[in-house]
>>> print(open('entry.txt').read())   # compact mmCIF, C-alpha atoms (C1' of nucleotides)
# COMPACT_ATOMS: atom_id res chain seq x y z
CA MET A 545 154.26 -178.13 45.61
CA TYR A 546 150.77 -176.60 45.83
CA GLU A 547 150.92 -173.98 43.07
CA GLN A 548 148.79 -175.81 40.57
CA LEU A 549 146.13 -176.56 43.13
CA TYR A 550 146.19 -172.96 44.26
CA ASN A 551 145.75 -171.79 40.70
CA SER A 552 143.04 -174.29 39.93
CA ILE A 553 140.98 -173.24 42.93
CA HIS A 554 141.52 -169.54 42.43
CA GLU A 555 140.48 -169.74 38.84
CA HIS A 556 137.01 -170.42 40.12
CA VAL A 557 136.65 -169.12 43.67
CA THR A 558 138.50 -167.03 46.21
CA LEU A 559 139.93 -168.30 49.47
CA SER A 560 141.19 -166.35 52.43
CA GLU A 561 144.69 -167.01 53.67
CA GLU A 562 143.44 -169.25 56.51
CA GLU A 563 141.09 -171.11 54.24
CA TRP A 564 143.92 -171.89 51.90
CA GLU A 565 146.00 -173.15 54.81
CA LEU A 566 143.16 -175.43 55.88
CA CYS A 567 142.91 -176.60 52.34
CA LYS A 568 146.58 -177.40 51.93
CA ALA A 569 146.52 -179.31 55.18
CA SER A 570 143.77 -181.59 53.86
CA PHE A 571 145.88 -183.02 51.05
CA ILE A 572 148.58 -185.62 51.19
CA PRO A 573 151.34 -185.26 48.60
CA LYS A 574 152.44 -188.33 46.75
CA ARG A 575 155.07 -188.87 44.08
CA MET A 576 154.64 -191.63 41.56
CA ARG A 577 156.84 -193.12 38.92
CA LYS A 578 155.94 -194.08 35.38
CA ARG A 579 153.87 -197.24 35.03
CA GLN A 580 152.70 -197.28 38.61
CA PHE A 581 149.06 -197.71 39.38
CA LEU A 582 147.20 -195.07 41.29
CA LEU A 583 144.15 -197.32 41.23
CA GLN A 584 143.69 -200.94 40.25
CA SER A 585 140.42 -202.38 39.18
CA GLY A 586 138.98 -204.34 42.07
CA ASP A 587 140.13 -201.82 44.64
CA VAL A 588 137.90 -199.09 45.98
CA CYS A 589 138.89 -195.59 44.90
CA ARG A 590 139.27 -193.90 48.24
CA ARG A 591 140.85 -190.63 47.23
CA LEU A 592 140.67 -187.96 44.62
CA ALA A 593 143.97 -187.06 43.08
CA PHE A 594 144.89 -183.60 41.96
CA ILE A 595 147.80 -183.62 39.54
CA GLU A 596 150.39 -181.04 40.47
CA LYS A 597 152.81 -182.31 37.87
CA GLY A 598 152.96 -185.18 35.46
CA ALA A 599 150.52 -187.25 33.46
CA LEU A 600 148.21 -190.17 34.14
CA PHE A 601 145.46 -192.00 32.34
CA SER A 602 142.55 -194.17 33.30
CA TYR A 603 141.27 -197.17 31.41
CA SER A 604 139.16 -200.26 31.71
CA LEU A 605 139.94 -203.71 30.38
CA ASP A 606 137.28 -205.47 28.33
CA GLU A 607 136.65 -209.24 28.34
CA ASN A 608 139.49 -209.76 25.87
CA GLY A 609 141.91 -207.78 27.94
CA ASN A 610 142.00 -204.78 25.64
CA GLN A 611 142.74 -201.42 27.17
CA ASN A 612 139.99 -198.92 26.80
CA VAL A 613 141.25 -195.48 27.61
CA ILE A 614 138.74 -193.31 29.45
CA GLN A 615 140.65 -190.20 30.29
CA PHE A 616 144.01 -188.53 30.29
CA GLY A 617 145.05 -186.23 33.09
CA PHE A 618 147.81 -183.63 33.31
CA GLU A 619 148.94 -181.04 35.81
CA GLY A 620 146.06 -178.95 37.01
CA TRP A 621 143.49 -181.70 36.49
CA TRP A 622 141.79 -184.13 38.81
CA ILE A 623 141.77 -187.84 38.29
CA ALA A 624 139.87 -190.62 40.07
CA ASP A 625 137.11 -193.12 39.56
CA LEU A 626 134.27 -190.96 40.80
CA TYR A 627 131.78 -193.78 40.67
CA SER A 628 133.80 -195.94 42.99
CA PHE A 629 134.74 -192.95 45.13
CA LEU A 630 131.14 -191.99 45.68
CA THR A 631 129.61 -195.44 46.07
CA ASP A 632 132.45 -197.31 47.77
CA GLU A 633 132.07 -200.09 45.23
CA PRO A 634 135.20 -201.71 43.83
CA SER A 635 136.39 -199.87 40.77
CA GLU A 636 136.46 -201.31 37.29
CA LEU A 637 139.09 -198.83 36.22
CA ASN A 638 142.81 -198.68 36.35
CA ILE A 639 144.65 -195.43 36.70
CA GLU A 640 148.22 -195.55 35.60
CA VAL A 641 151.05 -193.07 35.60
CA LEU A 642 152.44 -191.95 32.26
CA GLU A 643 155.13 -189.57 33.44
CA GLU A 644 156.80 -189.14 36.78
CA SER A 645 154.08 -187.31 38.72
CA GLU A 646 153.37 -185.33 41.83
CA LEU A 647 149.88 -185.76 43.19
CA LEU A 648 147.85 -184.23 45.97
CA MET A 649 145.48 -186.77 47.44
CA ILE A 650 142.35 -186.16 49.45
CA ASP A 651 140.02 -188.80 50.84
CA ARG A 652 136.28 -188.54 51.16
CA ASP A 653 136.19 -187.62 54.82
CA GLN A 654 138.80 -184.92 54.43
CA ASN A 655 137.04 -183.62 51.37
CA ASN A 656 133.68 -183.45 53.12
CA GLU A 657 135.20 -181.82 56.15
CA LEU A 658 136.93 -179.26 54.03
CA MET A 659 133.77 -178.45 52.12
CA GLU A 660 131.99 -177.86 55.42
CA LYS A 661 134.68 -175.65 56.81
CA VAL A 662 135.38 -173.79 53.60
CA PRO A 663 132.23 -173.12 51.60
CA ALA A 664 134.23 -171.70 48.70
CA PHE A 665 135.92 -175.05 48.39
CA ALA A 666 132.52 -176.71 48.13
CA ASN A 667 131.75 -174.31 45.32
CA TYR A 668 134.97 -175.20 43.63
CA ASN A 669 133.98 -178.86 43.87
CA ARG A 670 130.61 -178.17 42.32
CA ILE A 671 132.11 -176.23 39.46
CA LEU A 672 134.60 -179.01 38.83
CA PHE A 673 131.87 -181.58 38.55
CA GLN A 674 129.89 -179.41 36.22
CA ASN A 675 132.91 -178.93 34.00
CA ALA A 676 133.73 -182.61 34.07
CA PHE A 677 130.19 -183.38 33.04
CA VAL A 678 130.28 -180.96 30.17
CA ALA A 679 133.63 -182.24 28.99
CA LEU A 680 132.31 -185.77 29.05
CA GLN A 681 129.29 -184.88 26.99
CA ARG A 682 131.48 -183.19 24.49
CA ARG A 683 133.76 -186.16 24.33
CA ILE A 684 130.87 -188.49 23.66
CA LYS A 685 129.54 -186.22 20.98
CA ASN A 686 132.92 -186.12 19.32
CA THR A 687 133.50 -189.83 19.47
CA ILE A 688 130.27 -191.33 18.30
CA GLY A 689 129.42 -191.58 14.68
CA LEU A 690 132.37 -189.74 13.27
CA SER A 691 134.91 -191.05 10.84
CA ALA A 692 138.32 -191.94 12.20
CA GLU A 693 139.79 -188.86 10.61
CA GLU A 694 137.20 -186.52 12.04
CA LYS A 695 137.58 -188.00 15.50
CA TYR A 696 141.27 -187.36 15.36
CA THR A 697 141.10 -183.81 14.07
CA ARG A 698 138.56 -182.88 16.74
CA PHE A 699 140.73 -184.52 19.32
CA LEU A 700 143.62 -182.34 18.20
CA GLU A 701 141.48 -179.26 18.62
CA ASP A 702 140.09 -180.26 21.99
CA TYR A 703 143.28 -181.52 23.58
CA PRO A 704 146.22 -180.09 21.68
CA GLN A 705 148.69 -180.83 24.46
CA THR A 706 147.74 -184.46 24.80
CA LYS A 707 149.15 -185.49 21.43
CA GLU A 708 152.61 -184.40 22.51
CA ARG A 709 152.65 -186.29 25.75
CA VAL A 710 151.03 -189.65 25.34
CA PRO A 711 151.83 -192.64 23.13
CA GLN A 712 149.80 -192.84 19.98
CA HIS A 713 148.24 -196.21 20.71
CA LEU A 714 146.63 -194.76 23.83
CA ILE A 715 145.16 -191.93 21.80
CA ALA A 716 143.87 -194.52 19.36
CA SER A 717 142.20 -196.37 22.21
CA PHE A 718 140.81 -193.13 23.58
CA LEU A 719 139.26 -192.44 20.19
CA GLY A 720 137.98 -195.96 19.79
CA MET A 721 140.09 -197.04 16.87
CA THR A 722 143.07 -199.30 16.37
CA PRO A 723 146.63 -197.96 16.47
CA GLU A 724 147.03 -198.93 12.83
CA THR A 725 144.05 -196.90 11.77
CA LEU A 726 145.28 -193.89 13.67
CA SER A 727 148.68 -194.24 12.11
CA ARG A 728 147.11 -194.22 8.64
CA VAL A 729 144.88 -191.29 9.45
CA ARG A 730 147.89 -189.32 10.54
CA ARG A 731 149.79 -190.15 7.42
CA SER A 732 146.93 -189.10 5.19
CA LEU A 733 146.63 -185.83 7.14
CA THR A 734 150.26 -184.88 6.74
CA LYS A 735 150.18 -185.70 3.05
CA SER A 736 147.31 -183.39 2.36
CA MET B 738 146.16 -221.54 39.71
CA TYR B 739 146.77 -223.20 43.05
CA GLU B 740 149.25 -225.93 42.11
CA GLN B 741 152.32 -224.28 43.58
CA LEU B 742 150.57 -223.56 46.83
CA TYR B 743 149.27 -227.11 46.97
CA ASN B 744 152.77 -228.43 46.42
CA SER B 745 154.33 -226.09 48.92
CA ILE B 746 151.93 -227.09 51.64
CA HIS B 747 152.08 -230.79 50.89
CA GLU B 748 155.83 -230.77 50.95
CA HIS B 749 155.54 -230.22 54.66
CA VAL B 750 152.15 -231.39 55.90
CA THR B 751 149.10 -233.28 54.73
CA LEU B 752 145.66 -231.82 54.24
CA SER B 753 142.38 -233.59 53.73
CA GLU B 754 140.32 -232.72 50.70
CA GLU B 755 138.01 -230.43 52.70
CA GLU B 756 140.90 -228.78 54.45
CA TRP B 757 142.46 -227.98 51.12
CA GLU B 758 139.19 -226.48 49.92
CA LEU B 759 139.01 -224.29 53.01
CA CYS B 760 142.53 -223.29 52.37
CA LYS B 761 142.02 -222.35 48.75
CA ALA B 762 138.98 -220.31 49.71
CA SER B 763 141.08 -218.21 52.08
CA PHE B 764 143.30 -216.82 49.35
CA ILE B 765 142.60 -214.10 46.84
CA PRO B 766 144.36 -214.43 43.50
CA LYS B 767 146.01 -211.39 42.03
CA ARG B 768 147.94 -210.84 38.82
CA MET B 769 150.63 -208.21 38.68
CA ARG B 770 152.74 -206.79 35.92
CA LYS B 771 156.39 -205.90 35.92
CA ARG B 772 157.33 -202.83 37.95
CA GLN B 773 154.17 -202.77 39.99
CA PHE B 774 154.43 -202.43 43.72
CA LEU B 775 152.96 -205.09 45.92
CA LEU B 776 153.91 -202.99 48.92
CA GLN B 777 155.15 -199.45 49.23
CA SER B 778 157.10 -198.19 52.18
CA GLY B 779 154.79 -196.19 54.36
CA ASP B 780 151.89 -198.57 53.86
CA VAL B 781 151.05 -201.34 56.28
CA CYS B 782 151.65 -204.81 54.91
CA ARG B 783 148.23 -206.37 55.36
CA ARG B 784 148.66 -209.60 53.45
CA LEU B 785 151.11 -212.36 52.86
CA ALA B 786 151.68 -213.18 49.23
CA PHE B 787 152.36 -216.63 47.94
CA ILE B 788 153.94 -216.57 44.50
CA GLU B 789 152.25 -219.00 42.14
CA LYS B 790 154.19 -217.72 39.17
CA GLY B 791 156.62 -214.94 38.50
CA ALA B 792 159.28 -213.06 40.39
CA LEU B 793 159.36 -210.22 42.91
CA PHE B 794 161.89 -208.59 45.15
CA SER B 795 161.83 -206.53 48.29
CA TYR B 796 164.12 -203.68 49.14
CA SER B 797 164.53 -200.67 51.34
CA LEU B 798 165.79 -197.25 50.39
CA ASP B 799 168.52 -195.70 52.49
CA GLU B 800 168.89 -191.99 53.24
CA ASN B 801 170.55 -191.40 49.88
CA GLY B 802 167.84 -193.18 47.99
CA ASN B 803 169.87 -196.28 47.20
CA GLN B 804 168.01 -199.52 46.77
CA ASN B 805 168.97 -202.15 49.25
CA VAL B 806 167.70 -205.51 48.11
CA ILE B 807 166.47 -207.70 50.94
CA GLN B 808 165.02 -210.69 49.23
CA PHE B 809 164.07 -212.19 45.91
CA GLY B 810 160.99 -214.34 45.56
CA PHE B 811 159.95 -216.79 42.86
CA GLU B 812 157.11 -219.23 42.34
CA GLY B 813 156.60 -221.42 45.38
CA TRP B 814 157.90 -218.79 47.79
CA TRP B 815 156.23 -216.36 50.12
CA ILE B 816 156.92 -212.68 50.15
CA ALA B 817 155.82 -209.91 52.52
CA ASP B 818 157.15 -207.58 55.15
CA LEU B 819 156.58 -209.80 58.13
CA TYR B 820 157.49 -207.12 60.60
CA SER B 821 154.84 -204.78 59.33
CA PHE B 822 152.38 -207.63 58.88
CA LEU B 823 152.73 -208.75 62.48
CA THR B 824 152.93 -205.36 64.17
CA ASP B 825 150.64 -203.29 61.95
CA GLU B 826 153.33 -200.63 61.73
CA PRO B 827 153.96 -198.93 58.40
CA SER B 828 156.50 -200.83 56.40
CA GLU B 829 159.91 -199.52 55.48
CA LEU B 830 160.14 -201.92 52.57
CA ASN B 831 159.03 -201.87 49.00
CA ILE B 832 158.06 -205.04 47.20
CA GLU B 833 158.20 -204.78 43.45
CA VAL B 834 157.34 -207.14 40.63
CA LEU B 835 160.17 -208.31 38.38
CA GLU B 836 158.21 -210.54 36.02
CA GLU B 837 154.53 -210.78 35.25
CA SER B 838 153.28 -212.64 38.33
CA GLU B 839 150.37 -214.54 39.76
CA LEU B 840 149.99 -214.20 43.50
CA LEU B 841 147.76 -215.70 46.15
CA MET B 842 147.07 -213.22 48.90
CA ILE B 843 145.92 -213.89 52.43
CA ASP B 844 145.33 -211.29 55.12
CA ARG B 845 145.98 -211.71 58.80
CA ASP B 846 142.43 -212.49 59.84
CA GLN B 847 141.99 -215.08 57.14
CA ASN B 848 145.33 -216.59 57.99
CA ASN B 849 144.50 -216.84 61.69
CA GLU B 850 141.12 -218.25 60.98
CA LEU B 851 142.58 -220.82 58.65
CA MET B 852 145.20 -221.85 61.20
CA GLU B 853 142.46 -222.38 63.73
CA LYS B 854 140.30 -224.42 61.44
CA VAL B 855 143.14 -226.38 59.89
CA PRO B 856 145.86 -227.25 62.36
CA ALA B 857 148.05 -228.72 59.65
CA PHE B 858 148.07 -225.30 58.02
CA ALA B 859 149.28 -223.83 61.31
CA ASN B 860 152.07 -226.34 61.23
CA TYR B 861 152.91 -225.39 57.69
CA ASN B 862 153.10 -221.77 58.82
CA ARG B 863 155.44 -222.65 61.66
CA ILE B 864 157.72 -224.66 59.39
CA LEU B 865 157.82 -221.80 56.92
CA PHE B 866 158.92 -219.35 59.54
CA GLN B 867 161.59 -221.70 60.79
CA ASN B 868 162.91 -222.13 57.28
CA ALA B 869 162.81 -218.44 56.61
CA PHE B 870 164.76 -217.85 59.77
CA VAL B 871 167.41 -220.39 58.88
CA ALA B 872 167.73 -219.02 55.36
CA LEU B 873 168.18 -215.55 56.75
CA GLN B 874 170.93 -216.65 59.10
CA ARG B 875 172.69 -218.35 56.25
CA ARG B 876 172.36 -215.29 54.12
CA ILE B 877 173.88 -213.11 56.78
CA LYS B 878 176.72 -215.53 57.30
CA ASN B 879 177.44 -215.58 53.60
CA THR B 880 177.31 -211.85 53.19
CA ILE B 881 179.31 -210.49 56.04
CA GLY B 882 183.07 -210.40 55.95
CA LEU B 883 183.58 -212.17 52.67
CA SER B 884 185.31 -210.82 49.61
CA ALA B 885 183.16 -209.74 46.74
CA GLU B 886 184.17 -212.80 44.77
CA GLU B 887 183.36 -215.20 47.57
CA LYS B 888 180.01 -213.59 48.18
CA TYR B 889 179.13 -214.05 44.57
CA THR B 890 180.25 -217.65 44.25
CA ARG B 891 178.30 -218.60 47.37
CA PHE B 892 175.31 -216.77 46.03
CA LEU B 893 175.54 -218.84 42.87
CA GLU B 894 175.55 -222.02 44.92
CA ASP B 895 172.72 -220.95 47.18
CA TYR B 896 170.41 -219.48 44.57
CA PRO B 897 171.40 -220.83 41.18
CA GLN B 898 168.10 -219.87 39.56
CA THR B 899 168.21 -216.27 40.72
CA LYS B 900 171.14 -215.32 38.52
CA GLU B 901 169.15 -216.18 35.41
CA ARG B 902 166.10 -214.18 36.29
CA VAL B 903 167.07 -210.92 37.89
CA PRO B 904 169.13 -207.99 36.66
CA GLN B 905 172.69 -208.00 37.78
CA HIS B 906 172.58 -204.70 39.60
CA LEU B 907 169.92 -206.10 41.92
CA ILE B 908 172.12 -209.07 42.70
CA ALA B 909 174.95 -206.64 43.40
CA SER B 910 172.72 -204.77 45.81
CA PHE B 911 171.60 -208.02 47.41
CA LEU B 912 175.24 -208.91 47.98
CA GLY B 913 176.12 -205.46 49.22
CA MET B 914 178.46 -204.39 46.48
CA THR B 915 178.26 -202.00 43.55
CA PRO B 916 177.18 -203.16 40.10
CA GLU B 917 180.61 -202.29 38.78
CA THR B 918 182.32 -204.50 41.29
CA LEU B 919 180.02 -207.39 40.48
CA SER B 920 180.66 -206.89 36.80
CA ARG B 921 184.40 -207.12 37.40
CA VAL B 922 184.09 -210.14 39.65
CA ARG B 923 182.14 -211.93 36.95
CA ARG B 924 184.69 -211.12 34.32
CA SER B 925 187.52 -212.39 36.45
CA LEU B 926 185.58 -215.59 37.13
CA THR B 927 184.92 -216.38 33.49
CA LYS B 928 188.55 -215.73 32.62
CA SER B 929 189.92 -218.22 35.13
C1' DA C 65 204.40 -194.95 53.00
C1' DT C 66 202.18 -198.22 49.91
C1' DA C 67 199.44 -202.09 48.24
C1' DC C 68 194.94 -203.75 47.70
C1' DA C 69 189.83 -204.28 47.73
C1' DG C 70 186.25 -201.98 46.61
C1' DA C 71 183.71 -197.41 45.94
C1' DT C 72 182.61 -193.61 42.95
C1' DC C 73 182.16 -191.09 38.65
C1' DA C 74 181.53 -190.81 33.80
C1' DA C 75 180.95 -192.71 29.35
C1' DG C 76 179.62 -196.09 26.10
C1' DA C 77 178.07 -200.51 24.39
C1' DA C 78 174.74 -203.97 24.31
C1' DA C 79 170.31 -205.73 25.04
C1' DT C 80 165.58 -205.35 25.83
C1' DT C 81 161.22 -203.35 25.53
C1' DG C 82 157.98 -200.10 23.87
C1' DT C 83 156.11 -197.51 20.04
C1' DA C 84 154.96 -196.57 15.24
C1' DT C 85 154.50 -197.81 10.47
C1' DT C 86 153.33 -200.64 6.59
C1' DG C 87 151.35 -204.23 3.68
C1' DA C 88 148.15 -207.88 3.11
C1' DT C 89 143.92 -209.66 3.93
C1' DC C 90 139.18 -209.86 5.98
C1' DT C 91 134.40 -208.20 7.35
C1' DA C 92 130.42 -205.59 7.83
C1' DT C 93 127.50 -201.93 6.10
C1' DG C 94 125.26 -198.49 3.05
C1' DC D 666 130.23 -204.36 -4.51
C1' DA D 667 132.82 -200.39 -2.75
C1' DT D 668 134.45 -198.47 1.35
C1' DA D 669 135.90 -197.70 6.26
C1' DG D 670 138.00 -199.80 9.44
C1' DA D 671 139.60 -204.23 11.86
C1' DT D 672 142.93 -207.87 12.21
C1' DC D 673 147.32 -210.15 11.61
C1' DA D 674 152.16 -210.23 10.84
C1' DA D 675 156.41 -208.21 9.99
C1' DT D 676 159.58 -204.70 10.46
C1' DA D 677 161.54 -200.28 11.60
C1' DC D 678 162.57 -197.05 14.91
C1' DA D 679 163.08 -195.06 19.53
C1' DA D 680 163.74 -195.04 24.26
C1' DT D 681 165.05 -197.12 28.30
C1' DT D 682 167.49 -200.49 31.01
C1' DT D 683 171.21 -203.09 31.90
C1' DC D 684 176.04 -204.12 31.69
C1' DT D 685 180.82 -203.05 31.02
C1' DT D 686 185.01 -200.44 31.11
C1' DG D 687 188.44 -197.01 32.35
C1' DA D 688 190.00 -193.57 35.51
C1' DT D 689 190.38 -192.04 39.92
C1' DC D 690 189.71 -191.98 44.94
C1' DT D 691 189.47 -193.89 49.92
C1' DG D 692 190.27 -196.61 53.86
C1' DT D 693 192.51 -200.38 56.01
C1' DA D 694 196.21 -203.62 56.79
C1' DT D 695 200.93 -204.29 56.21
>>> encode(input="entry.txt", output="structure tokens")
Amino acid sequence: MYEQLYNSIHEHVTLSEEEWELCKASFIPKRMRKRQFLLQSGDVCRRLAFIEKGALFSYSLDENGNQNVIQFGFEGWWIADLYSFLTDEPSELNIEVLEESELLMIDRDQNNELMEKVPAFANYNRILFQNAFVALQRRIKNTIGLSAEEKYTRFLEDYPQTKERVPQHLIASFLGMTPETLSRVRRSLTKS
Amino acid sequence: MYEQLYNSIHEHVTLSEEEWELCKASFIPKRMRKRQFLLQSGDVCRRLAFIEKGALFSYSLDENGNQNVIQFGFEGWWIADLYSFLTDEPSELNIEVLEESELLMIDRDQNNELMEKVPAFANYNRILFQNAFVALQRRIKNTIGLSAEEKYTRFLEDYPQTKERVPQHLIASFLGMTPETLSRVRRSLTKS
DNA sequence: ATACAGATCAAGAAATTGTATTGATCTATG
DNA sequence: CATAGATCAATACAATTTCTTGATCTGTAT
């Protein structure tokens, strides 16, 4: 139940046995079924979720009610609305479950407490944020001002696993194009 | 957006224009899609939900993970786990959305405040509880110690609309029989 | 013992919903 | 005005949910 989290942390820092026990104790496991909402826009995002197993995605809805996919998340990743989490403002995002998932949840107080008690965990947090920031920059770079086909081929390079696990229309939304366009791009790619 | 609530209240009591405005202001509208949870067992039920539109149902899960349907709710009805709402204990029920729904939510403080300010609303509350109690008694009477066929025919009389709007296996669970048994009962009824 | 109501198990059929593709326009921009 | 991509509408295809059916088993009342 905690393997992925263990791996994720130990990829970046080292914890003693007791530290890891403290750490485990700070998380609350939660199972979620497909189509459930981890977060609904309007609610405050009170916890970070580490994905032990499964798949989720976050999106916002524009004025016309169109889904705008922000992020996908799979096992070994974190998902949350950081803005809402940090500011306590109601979120404008929805986070929805794509596949039956197992999550490890931690709220702000627990997280802060854990960072105090276990400095390596604080480091881990810092590294995560740095990585998230870099990934976001890269995403923006790869989404703006490219042709539909280029966006998609870069997406395939950056997130090869994603294509296999999420419906195409969500990928289209993630890349800022319509499902039809993506479908045509894919056809033209297989032909050539 | 508030028609059903207006009707429901005015079926039982009369409100002045200002009272009705106060009343409306105490509710928070919320839209929910199919399969979403209004309440999950383990959480405290902090609000009553009035159904303006749509359909929901509440159920508990027994040790073996079987759904046990407690109640269906359609437009013009209330749904909540009253026990948890009143005691602040974590609920053992789940409330799930069956059809795209529009709800009007009120929490305990708002409800109390409204009852204080608008005595007719307090009356409405009392009448609702009485009715709910009576309906529950009737349900128990019609569920215990009857044959599967009798349970189903009484169910049809008591809740004619329900049959049209909810999957059969949920009705079976509501009546305390297996889906297979209900299927056979229905067949034998149409034959005769 | 055995008859009967209903449960359980397993398999399919039927229906519904979600996802992907395609063609036919339409629109903005270089 | 040519092109990339959007929009609209129809359809095909896939996956999931829901319902039905047959076979067998269990407990209770006769």
>>> residues_around(input="entry.txt", residues="region 590-603 of chain A", least_positions_apart="5", cutoff="6 Å", atoms="only C-alpha atoms (C1' of nucleotides)", output="PyMOL selection string")
chain A and resi 548+612-624+629+637-651
>>> closest_residue(input="entry.txt", among="B:Gln867, B:Ser828, B:Gln777, B:Asn744", to="chain A", atoms="all atoms listed in the file")
B:Gln777
>>> atom_distance(input="entry.txt", atom1="C1' of DG692 (chain D)", atom2="CA of Ser884 (chain B)")
15.6 Å
>>> closest_residue(input="entry.txt", among="B:His747, B:Arg924, B:Arg876, B:Lys771", to="chain C", atoms="only C-alpha atoms (C1' of nucleotides)")
B:Lys771
>>> interface_residues(input="entry.txt", of="chain B", to="chain A", cutoff="12 Å", atoms="all atoms listed in the file", output="mmCIF file with C-alpha atoms, in the coordinates of the input")
data_model
loop_
_atom_site.group_PDB
_atom_site.id
_atom_site.type_symbol
_atom_site.label_atom_id
_atom_site.label_comp_id
_atom_site.auth_asym_id
_atom_site.auth_seq_id
_atom_site.Cartn_x
_atom_site.Cartn_y
_atom_site.Cartn_z
ATOM 1 C CA ILE B 765 142.600 -214.100 46.840
ATOM 2 C CA PRO B 766 144.360 -214.430 43.500
ATOM 3 C CA LYS B 767 146.010 -211.390 42.030
ATOM 4 C CA ARG B 768 147.940 -210.840 38.820
ATOM 5 C CA MET B 769 150.630 -208.210 38.680
ATOM 6 C CA ARG B 770 152.740 -206.790 35.920
ATOM 7 C CA LYS B 771 156.390 -205.900 35.920
ATOM 8 C CA ARG B 772 157.330 -202.830 37.950
ATOM 9 C CA GLN B 773 154.170 -202.770 39.990
ATOM 10 C CA PHE B 774 154.430 -202.430 43.720
ATOM 11 C CA LEU B 775 152.960 -205.090 45.920
ATOM 12 C CA LEU B 776 153.910 -202.990 48.920
ATOM 13 C CA GLN B 777 155.150 -199.450 49.230
ATOM 14 C CA GLY B 779 154.790 -196.190 54.360
ATOM 15 C CA GLU B 833 158.200 -204.780 43.450
ATOM 16 C CA VAL B 834 157.340 -207.140 40.630
#
>>> interface_residues(input="entry.txt", of="chain D", to="chain A", cutoff="10 Å", atoms="all atoms listed in the file", output="VMD selection string")
chain D and resid 669 to 672
>>> residues_near_point(input="entry.txt", point="(188.5, -190.3, 38.0)", cutoff="10 Å", atoms="all atoms listed in the file", output="list in words")
DT72, DC73 and DA74 of chain C; DG687, DA688, DT689 and DC690 of chain D
>>> write_last_selection(input="entry.txt", atoms="C-alpha atoms (C1' of nucleotides)", output="mmCIF file, in the coordinates of the input")
data_model
loop_
_atom_site.group_PDB
_atom_site.id
_atom_site.type_symbol
_atom_site.label_atom_id
_atom_site.label_comp_id
_atom_site.auth_asym_id
_atom_site.auth_seq_id
_atom_site.Cartn_x
_atom_site.Cartn_y
_atom_site.Cartn_z
ATOM 1 C "C1'" DT C 72 182.610 -193.610 42.950
ATOM 2 C "C1'" DC C 73 182.160 -191.090 38.650
ATOM 3 C "C1'" DA C 74 181.530 -190.810 33.800
ATOM 4 C "C1'" DG D 687 188.440 -197.010 32.350
ATOM 5 C "C1'" DA D 688 190.000 -193.570 35.510
ATOM 6 C "C1'" DT D 689 190.380 -192.040 39.920
ATOM 7 C "C1'" DC D 690 189.710 -191.980 44.940
#
>>> closest_atom_pairs(input="entry.txt", of="chain C", to="chain B", cutoff="12 Å", atoms="all atoms listed in the file", output="tab-separated table")
residue	atom	partner	partner_atom	distance
C:DA69	C1'	B:Ser884	CA	8.2
C:DG70	C1'	B:Thr918	CA	7.1
C:DA71	C1'	B:Thr915	CA	7.5
C:DT72	C1'	B:Thr915	CA	9.5
C:DC73	C1'	B:Glu917	CA	11.3
C:DA79	C1'	B:Pro904	CA	11.9
C:DT80	C1'	B:Pro904	CA	11.7
C:DT81	C1'	B:Lys771	CA	11.7
>>> axis_aligned_box(input="entry.txt", around="region 836-844 of chain B", padding_each_side="4 Å", output="lines of an AutoDock Vina configuration file")
center_x = 151.8
center_y = -213.1
center_z = 45.2
size_x = 20.9
size_y = 13.2
size_z = 27.9
>>> residues_around(input="entry.txt", residues="DA679 (chain D)", least_positions_apart="2", cutoff="10 Å", atoms="all atoms listed in the file", output="list in words")
DG82, DT83 and DA84 of chain C; DA677 and DT681 of chain D
>>> atom_distance(input="entry.txt", atom1="CA of Pro897 (chain B)", atom2="CA of Gly802 (chain B)")
28.7 Å
>>> atom_distance(input="entry.txt", atom1="CA of Phe718 (chain A)", atom2="CA of Lys685 (chain A)")
13.5 Å
>>> closest_residue(input="entry.txt", among="C:DA75, C:DA65, C:DA92, C:DT85", to="DA675 (chain D)", atoms="all atoms listed in the file")
C:DT85
>>> residues_around(input="entry.txt", residues="DA78 (chain C)", least_positions_apart="2", cutoff="12 Å", atoms="all atoms listed in the file", output="mmCIF file with C-alpha atoms (C1' of nucleotides), in the coordinates of the input")
data_model
loop_
_atom_site.group_PDB
_atom_site.id
_atom_site.type_symbol
_atom_site.label_atom_id
_atom_site.label_comp_id
_atom_site.auth_asym_id
_atom_site.auth_seq_id
_atom_site.Cartn_x
_atom_site.Cartn_y
_atom_site.Cartn_z
ATOM 1 C "C1'" DG C 76 179.620 -196.090 26.100
ATOM 2 C "C1'" DT C 80 165.580 -205.350 25.830
ATOM 3 C "C1'" DT D 682 167.490 -200.490 31.010
ATOM 4 C "C1'" DT D 683 171.210 -203.090 31.900
ATOM 5 C "C1'" DC D 684 176.040 -204.120 31.690
ATOM 6 C "C1'" DT D 685 180.820 -203.050 31.020
#
>>> residues_around(input="entry.txt", residues="region 890-894 of chain B", least_positions_apart="4", cutoff="9 Å", atoms="only C-alpha atoms (C1' of nucleotides)", output="MDAnalysis selection string")
chainID B and resid 876 879:880 885:886 898:900 908 912
